[in-house]
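Worksheet for the structure shown next.
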Amino acid sequence: MIAPSILSADFARLGEEANAVAGADWLHVDVMDAHFVPNLTLGLPVVQALRKATDIPLDCHLMIDDPDRWAIGYAEAGAYNVTVHVEAARDPIKIAKDLRAAGAKAGLSVKPGTPLEPYLDVLKHYDTLLVMSVEPGFGGQSFMSEVLDKVRTARRLVDTGHLTLVVEIDGGINDDTIEQAADAGVDCFVAGSAVYGAKDPAEAVRKLRAKAAR
């Protein structure tokens with residue numbers, strides 16, 4: 001699965017940019033609050049507008065403080081998957097239950113330096129694990145291959161039936177890095193500049209999917 005990140009799109013043309021990636025599996029929406037991460041990007045009104053502009057399922061990645069309070073609004077706005085950071089969540093199990101009750105899939109994200117093992121029981125309540133392969137907050141960073149050990153752990157637990165979730169990766173995914181991420185066991189690849197920096201974003205999506213499937 002390929003999830004183009006609109007963090008790399010033209011913010012003045014988001015509706016058109018969403019439709020420029022026809023064939024994408026999810027549309028990744030980075031929500032940043034300038035508190036949990038230093039950058040400030042999009043919020044709930046933009047997600048509500050995007051939901052009307054595209055049929056591609058919205059994959060909302062909340063890099064925000066207090067997701068216990070705010071995450072539910074994104075589910076109610078029609079996001080397909082809402083991901084919160086374990087480092088910011090006070091009660092991640094309750095968040096997962098609330099998101100599912102509101103009709104969304106629940107995602108849990110871990111920063112590059114956050115170990116996976118303390119949260120394996122929590123992940124049993126989630127539909128998606130988002131492994132960050134850059135420090136959250138800015139696009140265009142270089143891929144951190146050391147996080148692939150967490151991907152391999154998650155893949156093994158999914159394959160043995162201990163977890164039931166999509167393994168997603170976000171950060172530095174491009175033609176040069178997607179194959180090693182796929183080999184480690186990633187299901188869904190977030191790609192920003194590799195898609196929106198291409199002349200034909202939809203073709204870039206197809207090429208990335210083909211590389212991941214090798």
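A note on labels: chains of the structure tokens are A, B, ... as shown, every chain counts residues from 1, and ligands are counted from 1 in their shown order.
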
- Task: For A:Lys105, work out the shell of residues within 8 Å, counting only C-alpha atoms and skipping chain neighbours fewer than 2 positions away, then give it as a VMD selection string.
- Result: chain A and resid 80 to 82 99 to 100 103 107 126 to 128

- Residues of stretch 10-214 of chain A in strand (DSSP E or B), written as an MDAnalysis selection string: chainID A and resid 27:33 40 58:63 81:85 105:110 128:132 166:170 188:191

Output N, CA, C and O atoms of each residue in that selection to a file, as a compact mmCIF listing (two decimals), in the first residue's frame.
```
# COMPACT_ATOMS: atom_id res chain seq x y z
N LEU A 27 -4.40 8.49 1.67
CA LEU A 27 -3.80 9.83 1.57
C LEU A 27 -3.37 10.22 2.98
O LEU A 27 -4.21 10.36 3.88
N HIS A 28 -2.08 10.37 3.16
CA HIS A 28 -1.52 10.61 4.49
C HIS A 28 -1.57 12.11 4.80
O HIS A 28 -1.06 12.93 4.04
N VAL A 29 -2.16 12.44 5.93
CA VAL A 29 -2.35 13.83 6.34
C VAL A 29 -1.61 14.06 7.66
O VAL A 29 -1.99 13.52 8.70
N ASP A 30 -0.55 14.85 7.60
CA ASP A 30 0.26 15.13 8.79
C ASP A 30 -0.31 16.33 9.54
O ASP A 30 -0.28 17.45 9.03
N VAL A 31 -0.80 16.08 10.73
CA VAL A 31 -1.35 17.13 11.58
C VAL A 31 -0.32 17.44 12.66
O VAL A 31 0.04 16.58 13.46
N MET A 32 0.19 18.67 12.67
CA MET A 32 1.22 19.08 13.64
C MET A 32 0.76 20.35 14.35
O MET A 32 0.17 21.24 13.74
N ASP A 33 1.08 20.42 15.65
CA ASP A 33 0.52 21.49 16.47
C ASP A 33 1.54 22.50 17.00
O ASP A 33 1.19 23.38 17.78
N LEU A 40 4.12 23.49 12.44
CA LEU A 40 2.68 23.68 12.46
C LEU A 40 2.17 23.46 11.04
O LEU A 40 2.65 24.07 10.09
N LEU A 58 -8.52 8.77 4.02
CA LEU A 58 -7.59 9.67 4.69
C LEU A 58 -6.93 8.98 5.88
O LEU A 58 -7.60 8.39 6.74
N ASP A 59 -5.62 9.06 5.91
CA ASP A 59 -4.77 8.47 6.94
C ASP A 59 -4.19 9.63 7.74
O ASP A 59 -3.18 10.21 7.36
N CYS A 60 -4.84 9.97 8.85
CA CYS A 60 -4.46 11.17 9.60
C CYS A 60 -3.47 10.82 10.70
O CYS A 60 -3.75 10.02 11.59
N HIS A 61 -2.31 11.43 10.62
CA HIS A 61 -1.21 11.20 11.55
C HIS A 61 -1.12 12.40 12.48
O HIS A 61 -0.68 13.48 12.07
N LEU A 62 -1.55 12.21 13.72
CA LEU A 62 -1.65 13.32 14.67
C LEU A 62 -0.37 13.45 15.47
O LEU A 62 -0.14 12.73 16.45
N MET A 63 0.47 14.39 15.07
CA MET A 63 1.68 14.71 15.82
C MET A 63 1.36 15.90 16.72
O MET A 63 1.79 17.04 16.49
N ASN A 81 -8.31 6.25 8.90
CA ASN A 81 -7.37 5.80 9.93
C ASN A 81 -6.86 7.02 10.66
O ASN A 81 -6.48 8.01 10.04
N VAL A 82 -6.87 6.97 11.98
CA VAL A 82 -6.37 8.08 12.81
C VAL A 82 -5.26 7.53 13.70
O VAL A 82 -5.49 6.63 14.51
N THR A 83 -4.07 8.08 13.53
CA THR A 83 -2.90 7.61 14.26
C THR A 83 -2.46 8.64 15.29
O THR A 83 -2.31 9.82 14.96
N VAL A 84 -2.24 8.17 16.51
CA VAL A 84 -1.75 9.02 17.58
C VAL A 84 -0.36 8.53 18.00
O VAL A 84 0.01 7.38 17.75
N HIS A 85 0.39 9.39 18.66
CA HIS A 85 1.72 9.01 19.13
C HIS A 85 1.65 8.48 20.55
O HIS A 85 1.03 9.09 21.43
N LYS A 105 -10.35 3.45 11.83
CA LYS A 105 -9.30 2.55 12.27
C LYS A 105 -8.40 3.33 13.25
O LYS A 105 -8.24 4.54 13.12
N ALA A 106 -7.81 2.60 14.18
CA ALA A 106 -6.96 3.24 15.18
C ALA A 106 -5.50 2.90 14.91
O ALA A 106 -5.15 1.73 14.74
N GLY A 107 -4.65 3.95 14.87
CA GLY A 107 -3.23 3.76 14.62
C GLY A 107 -2.40 4.27 15.78
O GLY A 107 -2.75 5.27 16.42
N LEU A 108 -1.29 3.58 16.04
CA LEU A 108 -0.36 4.01 17.08
C LEU A 108 1.00 4.20 16.45
O LEU A 108 1.50 3.32 15.74
N SER A 109 1.62 5.35 16.69
CA SER A 109 2.93 5.66 16.11
C SER A 109 4.00 5.73 17.19
O SER A 109 3.73 6.13 18.32
N VAL A 110 5.21 5.32 16.79
CA VAL A 110 6.37 5.42 17.69
C VAL A 110 7.48 6.18 16.98
O VAL A 110 7.76 5.97 15.80
N THR A 128 -3.33 -0.26 13.20
CA THR A 128 -2.16 0.18 12.46
C THR A 128 -1.02 0.51 13.42
O THR A 128 -1.26 1.12 14.47
N LEU A 129 0.18 0.11 13.05
CA LEU A 129 1.39 0.56 13.74
C LEU A 129 2.18 1.40 12.76
O LEU A 129 2.57 0.91 11.69
N LEU A 130 2.40 2.66 13.11
CA LEU A 130 3.17 3.56 12.26
C LEU A 130 4.55 3.74 12.86
O LEU A 130 4.73 4.39 13.90
N VAL A 131 5.56 3.16 12.21
CA VAL A 131 6.94 3.28 12.65
C VAL A 131 7.55 4.50 11.96
O VAL A 131 7.60 4.57 10.72
N MET A 132 8.00 5.46 12.74
CA MET A 132 8.63 6.65 12.17
C MET A 132 10.08 6.33 11.82
O MET A 132 10.85 5.86 12.66
N VAL A 166 -1.88 -3.39 10.43
CA VAL A 166 -1.10 -2.96 9.27
C VAL A 166 0.18 -2.32 9.78
O VAL A 166 0.14 -1.46 10.67
N VAL A 167 1.31 -2.74 9.24
CA VAL A 167 2.59 -2.15 9.60
C VAL A 167 2.92 -1.06 8.58
O VAL A 167 3.11 -1.33 7.39
N GLU A 168 2.97 0.18 9.06
CA GLU A 168 3.16 1.34 8.20
C GLU A 168 4.48 2.01 8.56
O GLU A 168 4.92 1.97 9.72
N ILE A 169 5.12 2.64 7.59
CA ILE A 169 6.36 3.35 7.85
C ILE A 169 6.29 4.74 7.22
O ILE A 169 5.67 4.93 6.17
N ASP A 170 6.91 5.71 7.90
CA ASP A 170 6.80 7.11 7.47
C ASP A 170 8.15 7.79 7.68
O ASP A 170 8.64 7.87 8.81
N CYS A 188 2.44 -0.75 4.45
CA CYS A 188 2.00 0.54 3.91
C CYS A 188 3.14 1.56 4.03
O CYS A 188 3.72 1.72 5.10
N PHE A 189 3.41 2.24 2.92
CA PHE A 189 4.55 3.15 2.83
C PHE A 189 4.06 4.59 2.63
O PHE A 189 3.40 4.88 1.64
N VAL A 190 4.40 5.45 3.57
CA VAL A 190 4.11 6.88 3.41
C VAL A 190 5.25 7.50 2.60
O VAL A 190 6.42 7.31 2.92
N ALA A 191 4.90 8.21 1.55
CA ALA A 191 5.91 8.84 0.69
C ALA A 191 5.46 10.26 0.37
O ALA A 191 4.35 10.46 -0.13
```

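With only C-alpha atoms as the atoms that count, the minimum distance from A:Ile56 to the choices A:Pro4, A:Gly73, A:Ile95, A:Val37 is reached by A:Pro4.
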
- Task: Apply DSSP to the backbone of this structure and, from stretch 97-205 of chain A, keep only the residues in alpha helix (DSSP H); write these as a PyMOL selection string.
- Result: chain A and resi 97-101+120-123+148-159+178-184+193-196+201-205

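With atom CA of A:Glu87 on one side and atom CA of A:Ala3 on the other, the separation reads 23.0 Å.
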
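When atom CA of A:Leu148 is paired with atom CA of A:Asp183, their separation reads 9.4 Å.
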
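Interatomic distance, atom CA of A:Pro112 to atom CA of A:Ser142: 12.3 Å.
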
- Close residues, A:Asp200 itself excluded, 12 Å, only C-alpha atoms, min 6 positions apart in chain, as an NGL selection string: :A and (17 or 19-22 or 193-194 or 206-207)

- Message: So that I can see what lies close to A:Ser8, please list as a PyMOL selection string the residues with an atom at most 8 Å from it, counting only C-alpha atoms and leaving out residues fewer than 4 positions away in the same chain.
- Response: chain A and resi 139+192-193+196-197

Can those selected residues be exported to a file as an mmCIF file, in the first residue's frame so that it contains C-alpha atoms?
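Generated output (selection.cif):
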```cif
data_model
loop_
_atom_site.group_PDB
_atom_site.id
_atom_site.type_symbol
_atom_site.label_atom_id
_atom_site.label_comp_id
_atom_site.auth_asym_id
_atom_site.auth_seq_id
_atom_site.Cartn_x
_atom_site.Cartn_y
_atom_site.Cartn_z
ATOM 1 C CA GLY A 139 9.370 16.416 5.588
ATOM 2 C CA GLY A 192 5.988 12.621 0.425
ATOM 3 C CA SER A 193 8.551 14.244 -1.843
ATOM 4 C CA TYR A 196 4.697 15.031 -4.995
ATOM 5 C CA GLY A 197 8.167 15.945 -6.217
#
```

- Taking only C-alpha atoms into account, which of A:Met144, A:Val158, A:Ala89, A:Ala101 comes nearest A:Leu120? A:Val158

Any idea what's packed within 10 Å of A:Val122, counting only C-alpha atoms, ignoring anything in its chain fewer than 5 positions away? Could you give it as a compact mmCIF listing (two decimals) with N, CA and C atoms, in the first residue's frame?
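The new file out.txt reads:
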```
# COMPACT_ATOMS: atom_id res chain seq x y z
N VAL A 86 2.27 7.33 20.74
CA VAL A 86 2.27 6.73 22.08
C VAL A 86 2.97 7.65 23.08
N ASP A 91 -3.92 7.72 27.66
CA ASP A 91 -4.60 6.42 27.77
C ASP A 91 -4.80 5.87 26.35
N PRO A 92 -3.75 5.29 25.78
CA PRO A 92 -3.84 4.86 24.37
C PRO A 92 -4.89 3.79 24.12
N ILE A 93 -5.18 2.95 25.10
CA ILE A 93 -6.19 1.92 24.89
C ILE A 93 -7.58 2.56 24.76
N ALA A 96 -7.94 4.16 21.34
CA ALA A 96 -8.22 3.17 20.29
C ALA A 96 -9.69 2.79 20.30
N LEU A 108 -1.29 3.58 16.04
CA LEU A 108 -0.36 4.01 17.08
C LEU A 108 1.00 4.20 16.45
N GLU A 117 8.76 -2.74 22.44
CA GLU A 117 8.41 -3.79 23.40
C GLU A 117 7.48 -3.36 24.53
```
